[in-house]
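**Student:** The structure's right below; bear with me while I get my questions together.
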Amino acid sequence: PFAFTYLETTRDVQRRVADPEFFVEPAVVSQLDALFARLYFDAIDNWEAGRFEDVPGAWRLAFQAADEGRTSAAADVFLGMNAHISRDLAYAVAQVVGANTGMIADPTDYLRVNEIIAEVQGPMLHGAAERFDPQLSELASLLPADIGVDSVELIARWRQQSLDLGQRLAAARSIEEATAVSAEIERNAVAGAVMILNADSSLSVDDELFDRDEYCEAHL
C-alpha cells in the first residue's frame, strides 16, 4: 500500500510543479523530489536483491514487516512513510541545500508540500482502501492517543524534523559532525518504526474475518 500512496502523492506534487503559480522555485522542488525518490528506489532495490546490509534500518523494519504480512495495511503505510520522510527526506534536503542555500532562508516551497499532502490524503487513502484493505480509510486509528495529532500533522512534523536535520547535515563542518547528524537521522527513523510496530501490535486483528491477499486479488 505504501508504494501506491507514495506514487499518488508524487504525481500531485509534479502536477503542482507544472503550475507556474504554486511554487516559487519549481525546479528546486523537482530536484528535491527526484533525490527523495532515488533513496526509496535504492532501498527497495537493495532489499529485493538480498543486499540487506545496504538497507537502512527503518526500511529493513518496513520491508520485513510487509514481507511477513504480520502488520496491518495501515502500519505498512506508516512504516513506509516514516522511513521515507523521517530518514530519506533529511538526506535529500542536505543534498539540495548544499546547492541551493536559499532553502534555508526561505523554506516556503518545502512547506507548501504539506498543503498538497493534506489535500490529497483523503482521496489517496480512499483509493488505497478500495485496492488493498478497507481498513486503510481508518489510518488514524493506528496512531497512539498520546501523540495528540492526526496523520497529516504527524507527516508535517516528520517533514519539519527532516528539514532541520538536513540543514544541519549540509552545514556540518567536519566528518565527525556529519556522522553525528546522520546517526541522529537513523535513530529517529528506527524509533519511529518501532513506535508504529508497537502501536500496530496492540490492535486486535481477526485474520479469519479479513484476508488482505484475497481482497487484493479481487480488487486489483
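How things are named: the first chain in the C-alpha cells is A, the next is B, and so on; residues count from 1 in each chain; ligands count from 1 in the order shown.
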List the spatial neighbours of A:Ala73 as a ChimeraX atom specification - criterion: any atom at most 7 Å away, only C-alpha atoms, same-chain residues fewer than 2 positions off excluded.
**Tutor:** /A:1,71,75-77,133,136
**Student:** Do you know which residues are at most 8 Å from A:Leu61 counting only C-alpha atoms, after dropping those on the same chain fewer than 2 positions away, and could you put them as a compact mmCIF listing (two decimals) with N, CA and C atoms, in the first residue's frame?
**Tutor:**
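Dumped to around03.txt:
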# COMPACT_ATOMS: atom_id res chain seq x y z
N GLY A 57 18.10 0.91 8.45
CA GLY A 57 17.36 0.22 9.50
C GLY A 57 15.86 0.42 9.44
N ALA A 58 15.40 1.65 9.26
CA ALA A 58 13.96 1.91 9.22
C ALA A 58 13.30 1.21 8.04
N TRP A 59 14.01 1.17 6.91
CA TRP A 59 13.48 0.47 5.74
C TRP A 59 13.50 -1.04 5.96
N PHE A 63 10.20 -3.20 5.30
CA PHE A 63 10.14 -4.25 4.29
C PHE A 63 9.92 -5.62 4.92
N GLN A 64 10.57 -5.87 6.04
CA GLN A 64 10.41 -7.16 6.70
C GLN A 64 8.98 -7.36 7.17
N ALA A 65 8.41 -6.32 7.75
CA ALA A 65 7.02 -6.42 8.22
C ALA A 65 6.07 -6.68 7.06
N LEU A 79 4.82 2.72 8.17
CA LEU A 79 6.23 2.32 8.21
C LEU A 79 6.97 2.86 6.99
N VAL A 190 14.39 4.81 12.97
CA VAL A 190 14.17 3.49 13.57
C VAL A 190 13.21 3.59 14.75
N ALA A 193 9.75 3.74 13.50
CA ALA A 193 9.29 2.43 13.04
C ALA A 193 8.88 1.55 14.22
**Student:** Would you pick out the contacts of A:Val13 at 12 Å or less, using only C-alpha atoms, so that residues sharing its chain but fewer than 6 positions from it are not included, and give the list as a compact mmCIF listing (two decimals) with C-alpha atoms, in the first residue's frame?
**Tutor:**
# COMPACT_ATOMS: atom_id res chain seq x y z
CA TYR A 6 3.67 7.48 -2.44
CA LEU A 7 3.03 7.36 -6.18
CA ASP A 19 1.68 25.14 -12.22
CA PHE A 22 2.19 27.34 -6.99
CA PHE A 23 5.91 27.05 -6.19
CA PRO A 26 9.63 24.62 -9.06
CA VAL A 29 11.23 21.21 -5.79
CA SER A 30 11.69 18.82 -8.73
CA LEU A 32 14.43 17.52 -4.22
CA ASP A 33 11.64 15.18 -5.32
CA ALA A 34 13.98 13.26 -7.64
CA ASP A 109 8.18 25.77 -1.25
CA TYR A 110 9.19 22.94 1.05
CA ARG A 112 3.82 24.08 0.64
CA VAL A 113 4.20 20.37 0.01
CA ASN A 114 2.44 19.89 3.36
CA GLU A 115 -0.60 21.55 1.79
CA ILE A 116 -0.53 19.07 -1.07
CA ILE A 117 -0.28 16.13 1.33
CA ALA A 118 -3.23 17.41 3.37
CA GLU A 119 -5.30 17.88 0.23
CA VAL A 120 -4.51 14.55 -1.42
**Student:** Compare A:Val28, A:Val97, A:Met124, A:Val55 by their minimum atom-to-atom distance to A:Phe41, counting only C-alpha atoms, and give me the closest one.
**Tutor:**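 Of A:Val28, A:Val97, A:Met124, A:Val55, the one nearest A:Phe41 is A:Val55, counting only C-alpha atoms.
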**Student:** For A:Gly98, which residue among A:Glu53, A:Ala171, A:Met195, A:Arg70 is the nearest when counting only C-alpha atoms?
**Tutor:**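 Result for the nearest residue to A:Gly98: A:Ala171.
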**Student:** Provide the atom CA of A:Gln95 to atom CA of A:Ala183 distance in Å, to one decimal place.
**Tutor:**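 These atoms are spaced 16.7 Å apart.
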**Student:** Output as a tab-separated table one row per residue of stretch 14-85 of chain A within 10 Å of stretch 149-157 of chain A: the closest atom pair and its distance in Å to one decimal place, counting only C-alpha atoms, sorted by chain and residue number ascending.
**Tutor:**
residue	atom	partner	partner_atom	distance
A:Phe78	CA	A:Ser151	CA	9.0
A:Met81	CA	A:Ile155	CA	8.0
A:Asn82	CA	A:Ile155	CA	8.2
A:Ile85	CA	A:Ile155	CA	7.7
**Student:** Would you please work out which residue, of A:Leu35, A:Pro134, A:Arg87, A:Val24, is nearest to A:Pro107 when using only C-alpha atoms?
**Tutor:** A:Val24
**Student:** If you measure from atom CA of A:Ala74 to atom CA of A:Asp164, what distance in Å do you get, rounded to one decimal?
**Tutor:**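 So the answer is 27.0 Å.
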**Student:** How many Å lie between atom CA of A:Leu125 and atom CA of A:Phe4, rounded to one decimal?
**Tutor:**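 If I compute the distance from atom CA of A:Leu125 to atom CA of A:Phe4, I get 9.4 Å.
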